[in-house]
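Next up, model07.tsv (TSV, C-alpha atoms and all ligand atoms):
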chain	number	residue	atom	x	y	z
A	1	MET	CA	59.41	138.40	110.55
A	2	LYS	CA	59.84	135.16	108.75
A	3	VAL	CA	62.28	133.04	110.71
A	4	ASN	CA	64.37	131.06	108.25
A	5	GLN	CA	67.19	130.27	110.58
A	6	ALA	CA	67.55	130.13	114.32
A	7	GLU	CA	70.58	128.85	116.13
A	8	PHE	CA	71.98	128.72	119.60
A	9	ILE	CA	75.23	130.68	119.67
A	10	ILE	CA	76.68	130.71	123.18
A	11	SER	CA	76.06	130.67	126.90
A	12	ALA	CA	78.13	133.72	127.65
A	13	VAL	CA	79.55	134.03	131.14
A	14	GLY	CA	81.08	137.45	130.57
A	15	PRO	CA	81.29	140.34	128.13
A	16	SER	CA	84.30	138.91	126.31
A	17	GLN	CA	82.03	136.09	125.13
A	18	TYR	CA	79.24	138.27	123.82
A	19	PRO	CA	78.98	137.86	120.04
A	20	ALA	CA	80.90	140.36	117.96
A	21	ASP	CA	78.18	140.61	115.29
A	22	ALA	CA	76.70	144.07	115.43
A	23	LEU	CA	73.11	142.82	115.53
A	24	PRO	CA	70.25	144.16	117.61
A	25	GLU	CA	69.65	142.23	120.82
A	26	ILE	CA	66.28	141.53	122.41
A	27	ALA	CA	66.74	140.40	126.01
A	28	LEU	CA	64.28	138.39	128.07
A	29	ALA	CA	64.03	139.05	131.79
A	30	GLY	CA	61.76	137.33	134.26
A	31	ARG	CA	61.74	134.98	137.17
A	32	SER	CA	62.88	131.39	136.82
A	33	ASN	CA	60.20	129.20	135.27
A	34	VAL	CA	58.03	132.06	134.06
A	35	GLY	CA	58.35	130.87	130.47
A	36	LYS	CA	61.23	132.79	128.87
A	37	SER	CA	62.71	129.86	126.97
A	38	SER	CA	59.26	128.70	125.86
A	39	LEU	CA	58.56	132.18	124.55
A	40	ILE	CA	61.72	132.13	122.44
A	41	ASN	CA	60.83	128.70	121.07
A	42	ARG	CA	57.34	129.88	120.16
A	43	MET	CA	58.61	133.03	118.47
A	44	ILE	CA	60.87	130.98	116.21
A	45	ASN	CA	58.59	127.95	115.82
A	46	ARG	CA	61.04	125.51	117.29
A	47	LYS	CA	60.04	123.05	119.94
A	48	ASN	CA	63.22	122.99	121.89
A	49	LEU	CA	65.97	125.28	120.68
A	50	ALA	CA	65.92	127.35	123.83
A	51	ARG	CA	66.27	124.97	126.71
A	52	THR	CA	63.16	124.95	128.84
A	53	SER	CA	63.17	124.14	132.50
A	54	SER	CA	66.92	123.77	132.68
A	55	LYS	CA	68.26	123.45	136.18
A	56	PRO	CA	68.43	126.76	137.97
A	57	GLY	CA	71.69	127.75	139.55
A	58	LYS	CA	73.33	128.74	136.30
A	59	THR	CA	73.00	132.22	137.53
A	60	GLN	CA	75.58	133.82	135.33
A	61	GLN	CA	74.93	132.88	131.75
A	62	LEU	CA	73.42	134.83	128.93
A	63	ASN	CA	72.09	132.45	126.30
A	64	TYR	CA	72.36	133.92	122.82
A	65	TYR	CA	70.11	132.77	119.97
A	66	LYS	CA	70.67	134.18	116.51
A	67	ILE	CA	67.59	134.70	114.35
A	68	ASN	CA	68.29	134.88	110.62
A	69	SER	CA	70.94	137.55	110.26
A	70	ASP	CA	68.54	139.98	111.88
A	71	LEU	CA	68.80	139.82	115.66
A	72	PHE	CA	69.71	137.93	118.79
A	73	PHE	CA	67.37	136.81	121.50
A	74	VAL	CA	69.28	136.95	124.77
A	75	ASP	CA	67.82	134.74	127.47
A	76	LEU	CA	68.87	136.27	130.78
A	77	PRO	CA	69.19	134.09	133.88
A	78	GLY	CA	65.93	133.99	135.78
A	79	TYR	CA	65.65	135.84	139.04
A	80	GLY	CA	63.79	135.03	142.21
A	81	TYR	CA	64.95	131.48	142.59
A	82	ALA	CA	64.64	130.81	146.31
A	83	GLN	CA	67.56	128.42	146.70
A	84	VAL	CA	70.13	130.86	145.41
A	85	SER	CA	72.33	132.35	148.12
A	86	LYS	CA	72.49	136.03	148.84
A	87	SER	CA	75.99	136.37	147.45
A	88	GLU	CA	74.94	134.57	144.27
A	89	ARG	CA	72.03	136.95	143.99
A	90	GLU	CA	74.33	139.92	144.30
A	91	LYS	CA	76.59	138.52	141.63
A	92	TRP	CA	73.52	137.97	139.45
A	93	GLY	CA	72.52	141.57	139.97
A	94	LYS	CA	75.89	142.97	138.95
A	95	PHE	CA	76.19	140.71	135.93
A	96	ILE	CA	72.75	141.50	134.54
A	97	GLU	CA	72.99	145.13	135.49
A	98	ASN	CA	76.21	145.46	133.55
A	99	TYR	CA	74.69	143.89	130.49
A	100	LEU	CA	71.52	145.96	130.66
A	101	LEU	CA	73.34	149.22	131.26
A	102	HIS	CA	76.26	148.88	128.91
A	103	ARG	CA	75.42	146.59	126.04
A	104	GLU	CA	75.23	148.90	123.07
A	105	PHE	CA	73.28	146.46	120.85
A	106	LEU	CA	70.48	145.99	123.37
A	107	LYS	CA	67.31	147.35	121.78
A	108	LEU	CA	64.51	146.01	123.94
A	109	VAL	CA	63.92	144.08	127.14
A	110	LEU	CA	60.97	141.73	127.23
A	111	LEU	CA	59.86	141.62	130.85
A	112	VAL	CA	58.09	138.28	131.07
A	113	ILE	CA	55.39	138.04	133.71
A	114	ASP	CA	53.05	135.19	134.64
A	115	LEU	CA	49.54	136.38	133.77
A	116	ARG	CA	48.07	134.17	136.48
A	117	HIS	CA	49.62	135.94	139.47
A	118	PRO	CA	50.23	139.51	140.54
A	119	PRO	CA	53.84	140.44	139.71
A	120	SER	CA	56.27	139.49	142.49
A	121	LYS	CA	58.49	141.91	144.40
A	122	ASP	CA	61.32	140.91	142.06
A	123	ASP	CA	59.16	141.65	139.01
A	124	GLN	CA	58.28	145.04	140.45
A	125	ALA	CA	61.93	145.79	141.22
A	126	MET	CA	62.97	144.79	137.70
A	127	TYR	CA	60.29	146.97	136.15
A	128	SER	CA	61.23	149.98	138.27
A	129	TRP	CA	64.91	149.51	137.55
A	130	LEU	CA	64.33	149.38	133.79
A	131	LYS	CA	62.11	152.46	133.89
A	132	HIS	CA	64.59	154.32	136.07
A	133	HIS	CA	67.36	153.69	133.55
A	134	GLY	CA	65.15	154.42	130.57
A	135	THR	CA	65.70	150.97	129.08
A	136	PRO	CA	63.13	150.25	126.35
A	137	LEU	CA	60.85	147.50	127.58
A	138	CYS	CA	57.84	145.47	126.61
A	139	ILE	CA	55.83	143.57	129.18
A	140	VAL	CA	54.83	140.11	128.04
A	141	THR	CA	52.25	138.37	130.19
A	142	THR	CA	52.53	134.69	129.47
A	143	LYS	CA	50.73	131.41	130.27
A	144	ALA	CA	47.42	133.02	129.27
A	145	ASP	CA	46.18	129.57	128.28
A	146	LYS	CA	46.19	128.62	131.95
A	147	ILE	CA	43.35	130.97	132.80
A	148	PRO	CA	39.94	131.31	131.19
A	149	ARG	CA	39.74	133.79	128.36
A	150	GLY	CA	37.00	135.70	130.16
A	151	LYS	CA	39.46	136.56	132.94
A	152	TRP	CA	42.34	137.77	130.77
A	153	GLN	CA	41.49	141.46	131.00
A	154	GLN	CA	41.02	141.30	134.74
A	155	HIS	CA	44.44	139.67	135.16
A	156	LEU	CA	46.06	142.14	132.78
A	157	LYS	CA	44.70	144.98	134.87
A	158	ILE	CA	46.21	143.49	138.04
A	159	VAL	CA	49.57	143.09	136.34
A	160	LYS	CA	49.56	146.69	135.12
A	161	GLU	CA	48.41	148.10	138.45
A	162	THR	CA	50.89	146.08	140.49
A	163	LEU	CA	53.80	147.15	138.30
A	164	GLY	CA	52.49	150.68	137.98
A	165	THR	CA	52.93	150.73	134.22
A	166	ASP	CA	52.82	153.82	132.03
A	167	LYS	CA	50.39	154.15	129.16
A	168	SER	CA	53.42	154.11	126.88
A	169	ASP	CA	54.59	150.65	127.96
A	170	PRO	CA	53.59	148.00	125.47
A	171	VAL	CA	51.89	145.02	127.12
A	172	VAL	CA	51.40	141.81	125.17
A	173	LEU	CA	49.09	139.02	126.20
A	174	PHE	CA	50.96	135.82	125.40
A	175	SER	CA	50.77	132.06	125.46
A	176	SER	CA	53.62	129.88	124.29
A	177	GLU	CA	51.19	127.01	124.34
A	178	LEU	CA	48.67	128.65	121.98
A	179	GLY	CA	50.92	131.00	120.03
A	180	LEU	CA	48.77	133.85	121.25
A	181	GLY	CA	50.50	137.24	121.01
A	182	LYS	CA	53.26	136.02	118.74
A	183	ASP	CA	52.46	138.27	115.76
A	184	GLU	CA	51.92	141.29	117.97
A	185	LEU	CA	55.25	140.74	119.71
A	186	TRP	CA	57.08	140.32	116.41
A	187	GLN	CA	55.63	143.63	115.25
A	188	ILE	CA	56.89	145.38	118.36
A	189	ILE	CA	60.34	143.82	117.96
A	190	GLU	CA	60.52	144.65	114.25
A	191	GLN	CA	59.59	148.22	114.92
A	192	LYS	CA	62.23	148.51	117.67
A	193	ILE	CA	65.04	147.17	115.52
A	194	GLY	CA	63.96	149.06	112.41
A	195	TYR	CA	63.38	145.85	110.54
A	196	ALA	CA	61.95	145.99	107.05
A	197	ALA	CA	61.19	142.77	105.24
A	198	ASP	CA	63.25	142.15	102.14
A	199	PRO	CA	61.04	143.61	99.37
A	200	ALA	CA	62.13	140.88	96.96
A	201	ALA	CA	60.75	138.29	99.35
A	202	GLU	CA	57.49	140.19	99.64
A	203	GLU	CA	57.00	140.24	95.89
A	204	LEU	CA	57.19	136.50	95.38
A	205	PRO	CA	54.31	135.46	93.15
A	206	GLN	CA	51.44	133.91	95.04
A	207	THR	CA	50.82	130.27	94.31
A	208	GLN	CA	47.07	130.70	94.83
A	209	PRO	CA	45.41	133.57	92.97
A	210	GLU	CA	43.06	135.66	95.11
A	211	SER	CA	39.59	134.33	94.59
A	212	GLY	CA	36.82	136.58	93.36
A	213	ASN	CA	38.81	139.37	91.67
A	214	PRO	CA	39.85	138.88	88.08
A	301	LIG	N1	50.63	126.19	129.74
A	301	LIG	C1	51.74	126.90	129.51
A	301	LIG	N2	52.91	126.49	130.03
A	301	LIG	C2	54.02	127.23	129.78
A	301	LIG	C3	53.97	128.42	128.99
A	301	LIG	N3	55.22	128.94	128.95
A	301	LIG	C4	56.00	128.10	129.67
A	301	LIG	N4	55.31	127.08	130.17
A	301	LIG	C5	55.82	125.97	131.01
A	301	LIG	O1	56.43	126.54	132.17
A	301	LIG	C6	57.62	125.84	132.51
A	301	LIG	C7	58.81	126.79	132.54
A	301	LIG	O2	59.02	127.30	131.24
A	301	LIG	P1	60.46	127.80	130.74
A	301	LIG	O3	60.25	128.31	129.36
A	301	LIG	O4	61.50	126.77	130.95
A	301	LIG	O5	60.72	129.01	131.78
A	301	LIG	P2	62.05	129.88	132.00
A	301	LIG	O6	62.70	129.33	133.22
A	301	LIG	O7	61.56	131.28	132.22
A	301	LIG	O8	62.88	129.76	130.76
A	301	LIG	C8	57.76	124.72	131.48
A	301	LIG	O9	57.21	123.54	132.02
A	301	LIG	C9	56.93	125.20	130.31
A	301	LIG	O10	56.40	124.15	129.53
A	301	LIG	C10	52.70	128.82	128.46
A	301	LIG	O11	52.54	129.85	127.77
A	301	LIG	N5	51.62	128.02	128.75
A	302	MG	MG	64.82	129.15	130.54
In structure tokens, write the structure found in this file.
Amino acid sequence: MKVNQAEFIISAVGPSQYPADALPEIALAGRSNVGKSSLINRMINRKNLARTSSKPGKTQQLNYYKINSDLFFVDLPGYGYAQVSKSEREKWGKFIENYLLHREFLKLVLLVIDLRHPPSKDDQAMYSWLKHHGTPLCIVTTKADKIPRGKWQQHLKIVKETLGTDKSDPVVLFSSELGLGKDELWQIIEQKIGYAADPAAEELPQTQPESGNP
């Protein structure tokens, strides 16, 4: 997808604030600091639209970003932040659960996992919960640039085994730093939302003729 426009819409603290536009929503779940905001920024080629490393504790906000007139990215509050109290955690659970279970425009959850480490208990719980409820998901293993290329497959295997993934679950190797996995992830998203590029845009004349062929 060619991103012509990307804008922050709202930090929604409840369903009444969710946008009324009937656009497909792609939600990002993952622990605090795993790289959700960076992933959004990389997908839309913006350095800092999604706020990275914002202070945790805003446990009940869904950050909506509108991409063209095609979809929303919905940055869910990160889980697994140690300094959050038990009651806050429970509130977090209910809030997110409600969104994930009842939001009719939700098309796909990107479960963002740190490629460097085996998925945490929270990651495993999130994965199982999504599978249990039949929520479409895509696992995105990020920060690949932080480990040597030669170890990527080994780390991927650990992630898959620890989560207990199905063959049918898409898994994308990603790095917000390098842009690795960006095209693959866009393809998965486009397919999920039934996106077809505007044919008129595809047929624009090329400025450079293909070399070789007359
Ligand atoms: N090297 C590297 N650092 C990353 C990557 N993704 C995120 N980070 C860093 O990890 C930290 C947390 O990222 P952020 O996107 O704010 O995580 P969030 O809390 O899940 O939204 C920031 O310092 C980012 O710069 C990545 O792919 N590679
Ligand atoms: Mg963030």
Considering only C-alpha atoms and all ligand atoms, tabulate each residue of chain A that lies at most 7 Å from ligand LIG 301 (chain A) along with its nearest interatomic pair and the corresponding distance in Å to one decimal; arrange the rows by chain and ascending residue number and present them as a tab-separated table.
residue	atom	partner	partner_atom	distance
A:Gly30	CA	A:LIG301	O7	6.4
A:Arg31	CA	A:LIG301	O7	6.2
A:Ser32	CA	A:LIG301	O6	4.2
A:Asn33	CA	A:LIG301	O6	3.2
A:Val34	CA	A:LIG301	O7	4.1
A:Gly35	CA	A:LIG301	O5	3.3
A:Lys36	CA	A:LIG301	O7	3.7
A:Ser37	CA	A:LIG301	O3	3.8
A:Ser38	CA	A:LIG301	O3	3.7
A:Leu39	CA	A:LIG301	O3	6.4
A:Arg51	CA	A:LIG301	O4	6.6
A:Thr52	CA	A:LIG301	O4	3.2
A:Ser53	CA	A:LIG301	O4	3.5
A:Ser54	CA	A:LIG301	O4	6.4
A:Gly78	CA	A:LIG301	O6	6.2
A:Thr142	CA	A:LIG301	O11	5.1
A:Lys143	CA	A:LIG301	O11	3.5
A:Ala144	CA	A:LIG301	O11	6.2
A:Asp145	CA	A:LIG301	N5	5.7
A:Lys146	CA	A:LIG301	N1	5.5
A:Phe174	CA	A:LIG301	O11	6.6
A:Ser175	CA	A:LIG301	O11	3.7
A:Ser176	CA	A:LIG301	O11	3.6
A:Glu177	CA	A:LIG301	N5	4.5
Just-selected residues, C-alpha atoms written as a PDB file, in the coordinates of the input:
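Result written to out_2.pdb:
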ATOM      1  CA  GLY A  30      61.760 137.330 134.260  1.00  0.00           C
ATOM      2  CA  ARG A  31      61.740 134.980 137.170  1.00  0.00           C
ATOM      3  CA  SER A  32      62.880 131.390 136.820  1.00  0.00           C
ATOM      4  CA  ASN A  33      60.200 129.200 135.270  1.00  0.00           C
ATOM      5  CA  VAL A  34      58.030 132.060 134.060  1.00  0.00           C
ATOM      6  CA  GLY A  35      58.350 130.870 130.470  1.00  0.00           C
ATOM      7  CA  LYS A  36      61.230 132.790 128.870  1.00  0.00           C
ATOM      8  CA  SER A  37      62.710 129.860 126.970  1.00  0.00           C
ATOM      9  CA  SER A  38      59.260 128.700 125.860  1.00  0.00           C
ATOM     10  CA  LEU A  39      58.560 132.180 124.550  1.00  0.00           C
ATOM     11  CA  ARG A  51      66.270 124.970 126.710  1.00  0.00           C
ATOM     12  CA  THR A  52      63.160 124.950 128.840  1.00  0.00           C
ATOM     13  CA  SER A  53      63.170 124.140 132.500  1.00  0.00           C
ATOM     14  CA  SER A  54      66.920 123.770 132.680  1.00  0.00           C
ATOM     15  CA  GLY A  78      65.930 133.990 135.780  1.00  0.00           C
ATOM     16  CA  THR A 142      52.530 134.690 129.470  1.00  0.00           C
ATOM     17  CA  LYS A 143      50.730 131.410 130.270  1.00  0.00           C
ATOM     18  CA  ALA A 144      47.420 133.020 129.270  1.00  0.00           C
ATOM     19  CA  ASP A 145      46.180 129.570 128.280  1.00  0.00           C
ATOM     20  CA  LYS A 146      46.190 128.620 131.950  1.00  0.00           C
ATOM     21  CA  PHE A 174      50.960 135.820 125.400  1.00  0.00           C
ATOM     22  CA  SER A 175      50.770 132.060 125.460  1.00  0.00           C
ATOM     23  CA  SER A 176      53.620 129.880 124.290  1.00  0.00           C
ATOM     24  CA  GLU A 177      51.190 127.010 124.340  1.00  0.00           C
TER      25      GLU A 177
END
Straight-line distance linking CA of Glu184 (chain A) with CA of Ala20 (chain A), stated in Å to one decimal: 29.0 Å
What's the separation between CA of Asp169 (chain A) and CA of Leu156 (chain A), in Å to one decimal place? 13.0 Å
Interatomic distance, CA of Ala125 (chain A) to CA of Gly80 (chain A) (Å, one decimal):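 CA of Ala125 (chain A) sits 11.0 Å away from CA of Gly80 (chain A).
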Set the distance at 6 Å and use all atoms listed in the file: which residues neighbour region 23-27 of chain A once local chain neighbours fewer than 4 positions away are removed? I'd like the list as a list in words.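 What passes the distance filter is Leu71, Phe72, Phe73, Val74, Asp75, Phe105, Leu106, Lys107, Leu108 and Val109 of chain A.
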Using only C-alpha atoms for the distances, tell me which of A:Lys47, A:Ala29, A:Trp92, A:Leu137 is nearest to Asp114 (chain A). A:Ala29
Which is closest to ligand MG 302 (chain A) among A:Gln61, A:Asn98, A:Asn45, A:Thr141, if we use only C-alpha atoms and all ligand atoms?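 Nearest candidate to ligand MG 302 (chain A) out of A:Gln61, A:Asn98, A:Asn45, A:Thr141: A:Gln61.
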A:Ile189, A:Ala6, A:Asn63, A:Ala22: which is nearest ligand MG 302 (chain A), counting all atoms listed in the file?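 When distances to ligand MG 302 (chain A) are compared using all atoms listed in the file, the smallest one comes from A:Asn63.
Each of A:Leu185, A:Ile96, A:Leu62, A:Val159 was checked against ligand MG 302 (chain A) using all atoms listed in the file; the smallest atom-to-atom distance is that of A:Leu62.
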If you count all atoms listed in the file, which residues fall within 8 Å of Asp123 (chain A), apart from same-chain ones fewer than 2 positions away, as JSON, numbers by chain? {"A": [30, 31, 113, 119, 120, 121, 125, 126, 127, 163]}
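The smallest atom-to-atom distance between Lys2 (chain A) and any of A:Glu97, A:Asp70, A:Glu104, A:Glu90, using only C-alpha atoms, is found for A:Asp70.
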Pick out the closest residue to Arg89 (chain A) from this set: A:Val112, A:Asp122, A:Met43, A:Ala197. Count all atoms listed in the file.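 The closest residue to Arg89 (chain A) is A:Asp122.
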For Thr162 (chain A): contacts at 8 Å, only C-alpha atoms, fewer than 2 positions along chain excluded, given as a VMD selection string: chain A and resid 118 to 119 124 158 to 160 164
Using the selection just defined, write its residues with C-alpha atoms as a tab-separated table (two decimals), keeping the file's coordinate frame.
chain	number	residue	atom	x	y	z
A	118	PRO	CA	50.23	139.51	140.54
A	119	PRO	CA	53.84	140.44	139.71
A	124	GLN	CA	58.28	145.04	140.45
A	158	ILE	CA	46.21	143.49	138.04
A	159	VAL	CA	49.57	143.09	136.34
A	160	LYS	CA	49.56	146.69	135.12
A	164	GLY	CA	52.49	150.68	137.98
Spatial neighbours of Pro170 (chain A), 9 Å, all atoms listed in the file, chain gap at least 6 places, as a list in words: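 Neighbouring residues, sequence-local ones excluded: Leu137, Cys138, Ile139, Val140 and Ile188 of chain A.
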Write out, as a PDB file, in the coordinates of the input, the residues just selected, with C-alpha atoms.
ATOM      1  CA  LEU A 137      60.850 147.500 127.580  1.00  0.00           C
ATOM      2  CA  CYS A 138      57.840 145.470 126.610  1.00  0.00           C
ATOM      3  CA  ILE A 139      55.830 143.570 129.180  1.00  0.00           C
ATOM      4  CA  VAL A 140      54.830 140.110 128.040  1.00  0.00           C
ATOM      5  CA  ILE A 188      56.890 145.380 118.360  1.00  0.00           C
TER       6      ILE A 188
END
